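Raw contents of input_14.txt, compact mmCIF, C-alpha atoms:
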```txt
# COMPACT_ATOMS: atom_id res chain seq x y z
CA MET I 571 -10.79 -4.00 34.51
CA ASN I 572 -10.47 -0.37 33.27
CA THR I 573 -10.15 1.93 36.26
CA GLU I 574 -9.74 5.17 34.24
CA THR I 575 -12.25 7.85 35.10
CA PRO I 576 -14.11 9.60 32.25
CA ALA I 577 -12.13 12.79 32.96
CA ALA I 578 -8.78 10.96 32.70
CA ALA I 579 -9.82 9.26 29.47
CA LYS I 580 -10.88 12.61 27.99
CA GLN I 581 -7.54 14.17 28.99
CA ALA I 582 -5.64 11.27 27.38
CA ARG I 583 -7.50 11.82 24.12
CA ILE I 584 -6.69 15.53 24.22
CA ASN I 585 -2.97 14.85 24.79
CA ALA I 586 -2.74 12.19 22.07
CA VAL I 587 -0.47 13.07 19.10
CA ARG I 588 -2.38 12.93 15.83
CA LEU I 589 -1.36 13.60 12.23
CA ALA I 590 -2.72 17.02 11.22
CA PRO I 591 -1.90 17.66 7.53
CA LEU I 592 -3.15 21.24 7.82
CA GLY I 593 -2.13 21.81 11.42
CA ARG I 594 -0.07 24.58 12.97
CA HIS I 595 3.31 23.02 12.13
CA THR I 596 2.28 22.53 8.50
CA ARG I 597 1.09 26.12 8.17
CA TYR I 598 4.24 27.43 9.85
CA MET I 599 6.63 25.46 7.62
CA LEU I 600 4.65 26.18 4.45
CA ALA I 601 4.82 29.91 5.18
CA SER I 602 8.58 29.58 5.74
CA TYR I 603 9.03 27.68 2.47
CA LEU I 604 7.03 30.24 0.50
CA ARG I 605 8.83 33.17 2.12
CA HIS I 606 12.28 31.83 1.30
CA PHE I 607 11.17 30.67 -2.14
CA LEU I 608 9.99 34.19 -2.98
CA MET I 609 13.24 35.68 -1.71
CA VAL I 610 15.33 33.32 -3.86
CA THR I 611 13.07 33.90 -6.87
CA SER I 612 13.35 37.68 -6.48
CA VAL I 613 17.15 37.53 -6.53
CA LEU I 614 17.29 35.18 -9.52
CA LEU I 615 14.68 37.22 -11.40
CA ALA I 616 16.62 40.45 -10.81
CA ILE I 617 19.75 38.84 -12.25
CA ALA I 618 17.89 37.33 -15.19
CA LEU I 619 16.09 40.59 -16.02
CA THR I 620 19.36 42.50 -15.97
CA ILE I 621 20.98 40.06 -18.38
CA ASP I 622 17.89 39.98 -20.61
CA LEU I 623 17.34 43.76 -20.75
CA TRP I 624 20.94 44.85 -21.21
CA PRO I 625 21.33 44.12 -24.97
CA GLN I 626 17.91 45.61 -25.83
CA PHE I 627 17.66 48.40 -23.25
CA GLN I 628 17.78 51.30 -25.73
CA THR I 629 15.36 49.69 -28.18
CA VAL I 630 12.78 48.93 -25.50
CA ALA I 631 13.11 52.29 -23.73
CA THR I 632 12.33 54.24 -26.93
CA SER I 633 9.69 51.86 -28.33
CA ARG I 634 6.80 54.16 -27.35
CA GLY I 635 7.69 57.79 -26.82
CA SER I 636 11.05 59.29 -25.95
CA GLY I 637 10.44 61.05 -22.63
CA PRO I 638 11.78 59.83 -19.28
CA LEU I 639 8.34 58.70 -18.10
CA ASP I 640 7.74 56.90 -21.41
CA ALA I 641 11.07 55.12 -21.10
CA ALA I 642 10.35 54.05 -17.51
CA TRP I 643 6.90 52.77 -18.45
CA ASN I 644 8.26 50.91 -21.50
CA LEU I 645 10.92 49.18 -19.42
CA LEU I 646 8.48 48.31 -16.65
CA ARG I 647 5.93 46.88 -19.09
CA PHE I 648 8.53 44.94 -21.04
CA SER I 649 9.94 43.50 -17.80
CA ALA I 650 6.47 42.30 -16.84
CA LEU I 651 6.08 40.66 -20.26
CA ARG I 652 9.44 38.93 -19.96
CA THR I 653 8.93 37.76 -16.37
CA PRO I 654 7.00 34.52 -17.14
CA TRP I 655 9.78 33.37 -19.48
CA LEU I 656 12.51 34.23 -17.03
CA ILE I 657 10.89 32.68 -13.95
CA ALA I 658 9.67 29.38 -15.44
CA PRO I 659 13.14 27.89 -16.24
CA PHE I 660 14.45 28.27 -12.66
CA LEU I 661 11.24 28.01 -10.61
CA SER I 662 11.93 24.39 -9.60
CA PHE I 663 15.50 25.17 -8.58
CA ALA I 664 14.26 28.18 -6.60
CA ALA I 665 11.84 25.83 -4.81
CA PHE I 666 14.77 23.57 -3.95
CA LEU I 667 16.85 26.45 -2.57
CA GLY I 668 13.88 27.89 -0.67
CA VAL I 669 13.23 24.58 1.08
CA VAL I 670 16.93 24.14 1.92
CA TRP I 671 17.05 27.65 3.36
CA SER I 672 13.99 27.00 5.53
CA GLU I 673 15.31 23.64 6.71
CA VAL I 674 18.66 25.17 7.68
CA VAL I 675 16.87 27.82 9.75
CA HIS I 676 14.65 25.08 11.21
CA THR I 677 17.69 23.10 12.36
CA GLN I 678 19.75 26.02 13.65
CA SER I 679 16.88 27.36 15.74
CA GLY I 680 16.45 24.00 17.49
CA GLU I 681 12.89 23.62 16.16
CA ARG I 682 13.73 20.35 14.41
CA MET I 683 14.91 18.79 17.68
CA LEU I 684 11.62 19.85 19.26
CA ILE I 685 9.65 18.27 16.40
CA TRP I 686 11.67 15.04 16.59
CA ASN I 687 11.11 14.82 20.37
CA SER I 688 7.37 15.27 19.87
CA GLY I 689 7.26 11.89 18.14
CA ARG I 690 6.58 13.21 14.63
CA SER I 691 8.20 11.01 11.98
CA PRO I 692 9.97 12.37 8.85
CA VAL I 693 7.03 11.26 6.70
CA GLN I 694 4.66 13.26 8.91
CA CYS I 695 6.84 16.33 8.28
CA LEU I 696 6.26 16.18 4.52
CA ALA I 697 2.79 17.74 4.44
CA PRO I 698 4.09 21.33 3.93
CA VAL I 699 6.51 20.13 1.23
CA LEU I 700 3.74 18.37 -0.65
CA LEU I 701 1.49 21.42 -0.42
CA LEU I 702 4.34 23.60 -1.68
CA GLY I 703 4.88 21.23 -4.60
CA LEU I 704 1.18 21.35 -5.47
CA VAL I 705 1.09 25.15 -5.45
CA LEU I 706 4.32 25.58 -7.42
CA GLY I 707 3.52 22.77 -9.88
CA VAL I 708 0.28 24.47 -10.89
CA SER I 709 2.03 27.86 -10.95
CA GLU I 710 4.86 26.67 -13.19
CA PHE I 711 2.46 25.02 -15.62
CA ILE I 712 0.39 28.23 -15.85
CA LEU I 713 3.51 30.36 -16.34
CA ASP I 714 5.14 28.13 -18.94
CA ALA I 715 2.10 26.88 -20.86
CA TRP I 716 -0.17 29.92 -20.78
CA ALA I 717 1.34 33.16 -19.47
CA GLY I 718 4.62 32.76 -21.38
CA PRO I 719 3.10 32.24 -24.86
CA ALA I 720 0.53 34.98 -24.18
CA SER I 721 3.25 37.48 -23.26
CA MET I 722 5.28 36.50 -26.33
CA ALA I 723 2.21 37.02 -28.53
CA VAL I 724 2.04 40.62 -27.26
CA GLN I 725 5.74 41.15 -27.95
CA MET I 726 5.37 39.75 -31.47
CA GLN I 727 2.29 41.84 -32.19
CA GLU I 728 4.02 45.02 -31.05
CA LYS I 729 7.46 44.01 -32.44
CA LEU I 730 8.75 44.67 -28.94
CA GLY I 731 12.29 43.65 -28.03
CA LEU I 732 14.69 41.42 -29.92
CA ASP I 733 12.49 38.31 -29.87
CA GLY I 734 9.34 40.27 -30.72
CA SER I 735 11.00 41.76 -33.80
CA ARG I 736 12.61 38.50 -34.86
CA LEU I 737 9.36 36.53 -34.63
CA ASP I 738 7.10 39.19 -36.14
CA ARG I 739 4.40 37.31 -38.07
CA THR I 740 3.26 40.30 -40.14
CA ARG I 741 6.38 40.41 -42.34
CA LEU I 742 7.69 38.00 -44.93
CA GLY I 743 10.08 35.49 -43.46
CA ASP I 744 13.61 35.04 -44.70
CA PRO I 745 14.04 32.50 -47.53
CA ALA I 746 13.56 29.06 -46.00
CA TRP I 747 14.41 25.56 -47.21
CA ILE I 748 11.76 22.95 -46.43
CA ALA I 749 12.15 19.22 -47.00
CA LEU I 750 9.29 17.45 -48.82
CA PRO I 751 8.71 13.67 -48.98
CA ASN I 752 9.73 13.69 -52.66
CA GLY I 753 11.84 16.78 -52.98
CA LEU I 754 12.71 20.20 -51.64
CA LEU I 755 11.11 23.63 -51.51
CA THR I 756 12.48 27.10 -50.95
CA ALA I 757 10.29 30.14 -50.38
CA GLN I 758 9.56 33.17 -48.27
CA ILE I 759 6.62 32.53 -45.95
CA GLU I 760 3.76 34.93 -45.36
CA TYR I 761 2.61 33.34 -42.13
CA GLY I 762 -1.08 34.18 -42.32
CA PRO I 763 -3.21 32.37 -41.47
CA PRO I 764 -3.65 31.06 -44.06
CA PRO I 765 0.04 30.93 -45.01
CA VAL I 766 1.15 32.09 -48.46
CA LEU I 767 4.47 31.28 -50.12
CA HIS I 768 6.41 33.90 -52.12
CA ASP I 769 9.30 33.42 -54.57
CA VAL I 770 8.70 29.69 -54.58
CA THR I 771 11.01 27.08 -56.11
CA ILE I 772 10.01 23.42 -55.94
CA PHE I 773 12.40 20.57 -56.72
CA ARG I 774 10.95 17.08 -57.30
CA ARG I 775 12.99 13.89 -57.34
CA ASP I 776 12.34 10.24 -58.02
CA ALA I 777 12.96 7.23 -55.76
CA GLU I 778 16.63 7.18 -56.80
CA GLY I 779 17.13 10.83 -55.89
CA GLN I 780 17.32 12.09 -59.47
CA LEU I 781 15.77 15.47 -60.30
CA THR I 782 12.54 15.06 -62.27
CA GLU I 783 10.72 18.40 -62.03
CA VAL I 784 11.30 22.04 -61.17
CA ALA I 785 8.63 24.69 -60.67
CA ILE I 786 9.24 28.38 -60.01
CA ALA I 787 6.43 30.77 -59.11
CA ALA I 788 5.94 34.23 -57.67
CA VAL I 789 3.21 33.11 -55.27
CA ALA I 790 1.76 29.84 -53.99
CA ARG I 791 -1.64 29.78 -52.27
CA MET I 792 -3.18 26.83 -50.47
CA GLN I 793 -6.56 25.36 -51.37
CA PRO I 794 -8.10 24.73 -47.92
CA GLY I 795 -8.66 21.10 -47.00
CA THR I 796 -7.21 19.64 -50.21
CA GLY I 797 -3.44 19.61 -49.70
CA ARG I 798 -3.10 21.30 -53.09
CA TRP I 799 -1.48 24.64 -53.84
CA ILE I 800 -2.04 27.06 -56.73
CA LEU I 801 1.14 28.53 -58.22
CA ASP I 802 0.85 31.94 -59.92
CA ASP I 803 3.07 33.51 -62.62
CA GLY I 804 5.87 31.01 -62.99
CA HIS I 805 7.75 28.47 -65.07
CA PHE I 806 8.14 24.71 -64.81
CA TRP I 807 10.39 22.04 -66.21
CA VAL I 808 9.79 18.28 -66.33
CA ALA I 809 12.45 15.72 -67.21
CA LYS I 810 11.65 13.84 -70.40
CA ALA I 811 13.20 10.42 -70.68
CA THR I 812 16.29 10.77 -68.51
CA PRO I 813 16.45 12.99 -65.41
CA SER I 814 19.02 15.74 -65.76
CA SER I 815 20.37 18.67 -63.85
CA VAL I 816 18.49 21.85 -62.97
CA PRO I 817 17.75 24.03 -66.04
CA SER I 818 20.16 26.94 -66.26
CA SER I 819 17.69 29.49 -67.70
CA HIS I 820 13.99 30.14 -68.11
CA ASP I 821 14.32 29.47 -71.87
CA LEU I 822 14.28 25.76 -71.06
CA MET I 823 11.17 26.10 -68.91
CA VAL I 824 7.48 26.35 -69.79
CA PRO I 825 5.74 29.49 -68.51
CA PHE I 826 2.33 29.35 -66.85
CA ARG I 827 -0.19 31.74 -65.38
CA THR I 828 -1.53 29.25 -62.81
CA ARG I 829 -0.54 25.71 -62.02
CA THR I 830 -1.89 23.36 -59.33
CA VAL I 831 0.53 21.13 -57.44
CA THR I 832 0.32 18.85 -54.40
CA LEU I 833 2.57 19.80 -51.50
CA ASP I 834 2.75 17.81 -48.30
CA LEU I 835 2.79 20.88 -46.06
CA ASP I 836 0.86 21.45 -42.85
CA PRO I 837 -0.52 25.03 -42.88
CA LEU I 838 -0.44 25.18 -39.07
CA TRP I 839 3.24 24.23 -39.09
CA LEU I 840 3.95 26.86 -41.75
CA SER I 841 2.19 29.55 -39.72
CA VAL I 842 4.59 28.99 -36.80
CA PHE I 843 7.68 28.24 -38.89
CA GLY I 844 10.82 29.55 -37.19
CA MET I 845 9.20 29.89 -33.76
CA GLU I 846 10.70 28.00 -30.85
CA PRO I 847 8.32 25.42 -29.29
CA GLN I 848 8.32 27.20 -25.93
CA TYR I 849 6.60 30.19 -27.55
CA LEU I 850 3.62 28.13 -28.76
CA PRO I 851 0.39 27.90 -26.72
CA LEU I 852 -0.99 24.45 -25.94
CA GLY I 853 -3.80 24.88 -28.47
CA ILE I 854 -1.21 24.98 -31.26
CA LEU I 855 1.42 22.72 -29.70
CA ARG I 856 -0.85 19.70 -29.26
CA PRO I 857 -1.95 19.46 -32.93
CA LEU I 858 1.64 19.90 -34.12
CA THR I 859 2.79 16.84 -32.16
CA VAL I 860 0.58 14.60 -34.32
CA SER I 861 0.20 16.48 -37.61
CA ASP I 862 3.72 17.55 -38.47
CA ARG I 863 5.56 15.10 -40.72
CA ASP I 864 9.09 16.33 -40.07
CA PRO I 865 10.77 13.96 -37.53
CA GLU I 866 13.06 16.70 -36.24
CA SER I 867 10.16 19.07 -35.60
CA GLN I 868 8.09 16.31 -34.05
CA ASN I 869 10.88 15.62 -31.55
CA ARG I 870 10.93 19.29 -30.59
CA TYR I 871 7.17 19.63 -30.24
CA ARG I 872 6.61 16.32 -28.45
CA THR I 873 9.48 16.93 -26.06
CA ARG I 874 8.15 20.37 -25.25
CA LEU I 875 4.67 18.97 -24.55
CA ASN I 876 5.98 16.22 -22.25
CA VAL I 877 8.26 18.67 -20.44
CA LEU I 878 5.26 20.94 -19.85
CA TYR I 879 3.27 18.11 -18.29
CA GLY I 880 6.30 16.93 -16.33
CA GLU I 881 6.67 20.41 -14.85
CA THR I 882 3.52 19.83 -12.80
CA LEU I 883 5.56 17.35 -10.73
CA LEU I 884 9.03 18.86 -11.00
CA PRO I 885 8.79 21.62 -8.33
CA GLY I 886 7.28 19.16 -5.85
CA ALA I 887 9.95 16.57 -6.64
CA MET I 888 12.72 19.16 -6.16
CA ALA I 889 11.19 20.39 -2.90
CA LEU I 890 10.76 16.81 -1.65
CA LEU I 891 14.38 16.01 -2.50
CA ALA I 892 15.57 19.12 -0.64
CA ALA I 893 13.52 18.29 2.46
CA SER I 894 14.63 14.65 2.46
CA LEU I 895 18.32 15.51 2.12
CA CYS I 896 18.08 18.14 4.85
CA MET I 897 16.28 15.83 7.28
CA LEU I 898 18.93 13.18 6.62
CA LEU I 899 22.09 15.29 6.63
CA LEU I 900 21.12 18.42 8.58
CA ALA I 901 18.95 16.90 11.29
CA TYR I 902 20.95 18.18 14.29
CA ALA I 903 23.58 20.52 12.78
CA THR I 904 24.39 22.32 9.52
CA PRO I 905 27.97 21.41 8.56
CA ALA I 906 29.25 23.34 5.55
CA ALA I 907 30.26 20.22 3.63
CA SER I 908 26.79 18.72 3.88
CA LEU I 909 25.13 22.01 2.94
CA VAL I 910 27.34 22.45 -0.13
CA GLY I 911 26.66 18.85 -1.14
CA ILE I 912 22.90 19.35 -0.88
CA VAL I 913 22.97 22.52 -2.99
CA PHE I 914 25.20 20.77 -5.55
CA ALA I 915 22.72 17.86 -5.73
CA GLY I 916 19.95 20.36 -6.45
CA TYR I 917 22.01 22.00 -9.17
CA LEU I 918 22.69 18.61 -10.76
CA ALA I 919 18.95 17.90 -10.79
CA HIS I 920 18.31 21.31 -12.38
CA PHE I 921 21.02 20.67 -14.97
CA ALA I 922 19.54 17.24 -15.72
CA THR I 923 16.20 18.80 -16.65
CA LYS I 924 17.92 21.04 -19.22
CA ALA I 925 20.03 18.17 -20.54
CA CYS I 926 16.97 15.94 -21.00
CA LEU I 927 15.15 18.76 -22.81
CA LEU I 928 18.07 19.18 -25.22
CA LEU I 929 18.46 15.43 -25.77
CA GLY I 930 14.74 15.04 -26.42
CA GLN I 931 14.58 17.92 -28.89
CA THR I 932 17.55 16.59 -30.87
CA GLY I 933 16.19 13.04 -31.03
CA TYR I 934 18.75 11.39 -28.74
CA MET I 935 16.09 10.64 -26.11
CA SER I 936 12.45 9.71 -26.24
CA PRO I 937 10.22 12.80 -25.73
CA VAL I 938 8.32 10.98 -22.98
CA LEU I 939 11.56 10.06 -21.21
CA ALA I 940 12.88 13.61 -21.62
CA GLY I 941 9.83 15.03 -19.89
CA TRP I 942 9.39 12.55 -17.08
CA LEU I 943 12.81 11.04 -16.30
CA VAL I 944 14.01 13.74 -13.90
CA PRO I 945 10.75 14.19 -11.90
CA GLY I 946 10.34 10.41 -11.60
CA SER I 947 13.96 9.89 -10.58
CA LEU I 948 13.82 12.64 -7.95
CA LEU I 949 10.68 11.16 -6.42
CA ALA I 950 12.31 7.71 -6.32
CA VAL I 951 15.46 9.09 -4.67
CA SER I 952 13.37 10.98 -2.11
CA VAL I 953 11.44 7.82 -1.20
CA LEU I 954 14.74 5.96 -0.79
CA LEU I 955 16.08 8.69 1.52
CA LEU I 956 12.92 8.52 3.64
CA ILE I 957 13.30 4.76 3.96
CA VAL I 958 16.92 5.20 5.10
CA MET I 959 15.83 7.78 7.69
CA GLY I 960 13.08 5.49 8.97
CA ARG I 961 15.50 2.61 9.46
CA ARG I 962 17.97 4.88 11.25
CA ARG I 963 15.30 6.04 13.67
CA ILE I 964 14.23 2.46 14.34
CA SER I 965 17.82 1.33 14.97
CA ALA I 966 18.48 4.36 17.20
CA ALA I 967 15.41 3.57 19.26
```
Would you write out, as structure tokens, the structure that this file holds?
Amino acid sequence: MNTETPAAAKQARINAVRLAPLGRHTRYMLASYLRHFLMVTSVLLAIALTIDLWPQFQTVATSRGSGPLDAAWNLLRFSALRTPWLIAPFLSFAAFLGVVWSEVVHTQSGERMLIWNSGRSPVQCLAPVLLLGLVLGVSEFILDAWAGPASMAVQMQEKLGLDGSRLDRTRLGDPAWIALPNGLLTAQIEYGPPPVLHDVTIFRRDAEGQLTEVAIAAVARMQPGTGRWILDDGHFWVAKATPSSVPSSHDLMVPFRTRTVTLDLDPLWLSVFGMEPQYLPLGILRPLTVSDRDPESQNRYRTRLNVLYGETLLPGAMALLAASLCMLLLAYATPAASLVGIVFAGYLAHFATKACLLLGQTGYMSPVLAGWLVPGSLLAVSVLLLIVMGRRRISAA
């Protein structure tokens, strides 16, 4: 028979420990994570900006006006344009270091012992980490997929800085060699859109690799939607019975005013020729992953797209790994060896993301694997660490 009075039962319900994902502890730890994350990011950004600005300081400072105020404004504006590119590569590692910093403070202040004694399990302590991962995952995707390409578009339009001048789309590109399914092409590209080719030379070959045709033209213009190009003011040569070497002079070639040829070239790919995949917005990157016929370029574009999507999970996976390692190794004290080992583990994870990106872009790893291997592995390791901690707590009890 239950002899509890209504007042006692009400008091028991009030004193009961319940999981509160958005409770006071969660808000406190999330604020600590964000504070330390911003401090780490500020230091890393200051270092990165210094390294980035140093070789182009004079060019940027005098890009618009020559007075002291003009120079200060130019540098400040250029730094703001460069910031998305400089933050995105180390944002996940900064999240890792920020969480480690907060967890060290949490342990040294005795707060972790208080939380453990309250009956809260390690899994119940993960709410602030998961919220941090959600916020930073969305932030990194916005920075890398939208803000970065938008800022680079401004730099290219204004020919601002070394990259802006190098990737200027309003000038003719340097002579480029482009592989075709049945030959080779060299030309200077007017990026457009639509793209136009200047000083064009086209080499055709047969199935055995023998030269069968050569066409030289001043300009090549695309016929939209047909895959055909119109060559203006040029010469051509076609092998008769037996393929031979390239003609040595225009006397052996037939002149023409206009000539129509079929070139297996994607105009979108030509318009961004020479640009690194990280500078392309999603609206251009997605079509290139399916339309471009160059395997090497496809590896670069597809890897970049998968890495972008994988970045939505990467900051959360890094933060979860940091919290799990700290709860396991720094639960009651912060020995130097354990702290150095945790930071080294985070650096290895950061290095692995860059290694997978490189391997994916060069074709040594599947683009999907390059984008998702590290986030998936970090999540799996974190789950394993939580299981180990749970078993330890059960055995200790």
query: For Leu651 (chain I), which residue out of I:Glu760, I:Asp738, I:Glu728, I:Asp802 is the nearest one, using only C-alpha atoms?
result: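 When distances to Leu651 (chain I) are compared using only C-alpha atoms, the smallest one comes from I:Glu728.
Between CA of Ile786 (chain I) and CA of Gly804 (chain I) there is a distance of 5.2 Å.
Across I:Arg775, I:Arg827, I:Arg741, I:Arg856, the tightest approach to Val808 (chain I) is made by I:Arg775 when counting only C-alpha atoms.
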One residue among I:Pro659, I:Ala950, I:Met959, I:Val842 is nearest to Leu927 (chain I) when using all atoms listed in the file, and that residue is I:Pro659
Point to revise | Interatomic distance, CA of Arg962 (chain I) to CA of Ala889 (chain I) (Å, one decimal) | key: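 CA of Ala889 (chain I) lies 22.1 Å from CA of Arg962 (chain I).
Minimum atom-to-atom distance to Leu943 (chain I), evaluated using all atoms listed in the file, belongs to I:Ala919 out of I:Val675, I:Ala919, I:Met683, I:Leu890.
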Your completed region 662-682 of chain I with N, CA and C atoms, as an mmCIF file, in the coordinates of the input:
```cif
data_model
loop_
_atom_site.group_PDB
_atom_site.id
_atom_site.type_symbol
_atom_site.label_atom_id
_atom_site.label_comp_id
_atom_site.auth_asym_id
_atom_site.auth_seq_id
_atom_site.Cartn_x
_atom_site.Cartn_y
_atom_site.Cartn_z
ATOM 1 N N SER I 662 11.713 25.620 -10.371
ATOM 2 C CA SER I 662 11.930 24.390 -9.600
ATOM 3 C C SER I 662 13.201 24.467 -8.766
ATOM 4 N N PHE I 663 14.255 25.026 -9.334
ATOM 5 C CA PHE I 663 15.500 25.170 -8.580
ATOM 6 C C PHE I 663 15.333 26.168 -7.440
ATOM 7 N N ALA I 664 14.541 27.231 -7.676
ATOM 8 C CA ALA I 664 14.260 28.180 -6.600
ATOM 9 C C ALA I 664 13.474 27.504 -5.479
ATOM 10 N N ALA I 665 12.567 26.588 -5.841
ATOM 11 C CA ALA I 665 11.840 25.830 -4.810
ATOM 12 C C ALA I 665 12.803 24.997 -3.989
ATOM 13 N N PHE I 666 13.760 24.362 -4.647
ATOM 14 C CA PHE I 666 14.770 23.570 -3.950
ATOM 15 C C PHE I 666 15.559 24.432 -2.965
ATOM 16 N N LEU I 667 16.043 25.578 -3.436
ATOM 17 C CA LEU I 667 16.850 26.450 -2.570
ATOM 18 C C LEU I 667 16.001 27.029 -1.436
ATOM 19 N N GLY I 668 14.747 27.362 -1.724
ATOM 20 C CA GLY I 668 13.880 27.890 -0.670
ATOM 21 C C GLY I 668 13.638 26.885 0.436
ATOM 22 N N VAL I 669 13.435 25.621 0.067
ATOM 23 C CA VAL I 669 13.230 24.580 1.080
ATOM 24 C C VAL I 669 14.509 24.358 1.880
ATOM 25 N N VAL I 670 15.654 24.318 1.206
ATOM 26 C CA VAL I 670 16.930 24.140 1.920
ATOM 27 C C VAL I 670 17.145 25.280 2.910
ATOM 28 N N TRP I 671 16.894 26.491 2.483
ATOM 29 C CA TRP I 671 17.050 27.650 3.360
ATOM 30 C C TRP I 671 16.172 27.509 4.608
ATOM 31 N N SER I 672 14.905 27.159 4.393
ATOM 32 C CA SER I 672 13.990 27.000 5.530
ATOM 33 C C SER I 672 14.429 25.881 6.456
ATOM 34 N N GLU I 673 14.896 24.769 5.881
ATOM 35 C CA GLU I 673 15.310 23.640 6.710
ATOM 36 C C GLU I 673 16.565 23.957 7.517
ATOM 37 N N VAL I 674 17.469 24.749 6.931
ATOM 38 C CA VAL I 674 18.660 25.170 7.680
ATOM 39 C C VAL I 674 18.255 26.024 8.876
ATOM 40 N N VAL I 675 17.359 26.979 8.642
ATOM 41 C CA VAL I 675 16.870 27.820 9.750
ATOM 42 C C VAL I 675 16.159 26.955 10.787
ATOM 43 N N HIS I 676 15.389 25.978 10.323
ATOM 44 C CA HIS I 676 14.650 25.080 11.210
ATOM 45 C C HIS I 676 15.598 24.307 12.124
ATOM 46 N N THR I 677 16.714 23.852 11.568
ATOM 47 C CA THR I 677 17.690 23.100 12.360
ATOM 48 C C THR I 677 18.452 24.003 13.319
ATOM 49 N N GLN I 678 18.929 25.138 12.819
ATOM 50 C CA GLN I 678 19.750 26.020 13.650
ATOM 51 C C GLN I 678 18.983 26.628 14.810
ATOM 52 N N SER I 679 17.682 26.799 14.659
ATOM 53 C CA SER I 679 16.880 27.360 15.740
ATOM 54 C C SER I 679 16.507 26.334 16.806
ATOM 55 N N GLY I 680 16.800 25.057 16.552
ATOM 56 C CA GLY I 680 16.450 24.000 17.490
ATOM 57 C C GLY I 680 15.022 23.498 17.327
ATOM 58 N N GLU I 681 14.281 24.036 16.359
ATOM 59 C CA GLU I 681 12.890 23.620 16.160
ATOM 60 C C GLU I 681 12.804 22.172 15.694
ATOM 61 N N ARG I 682 13.789 21.734 14.894
ATOM 62 C CA ARG I 682 13.730 20.350 14.410
ATOM 63 C C ARG I 682 13.871 19.365 15.579
#
```
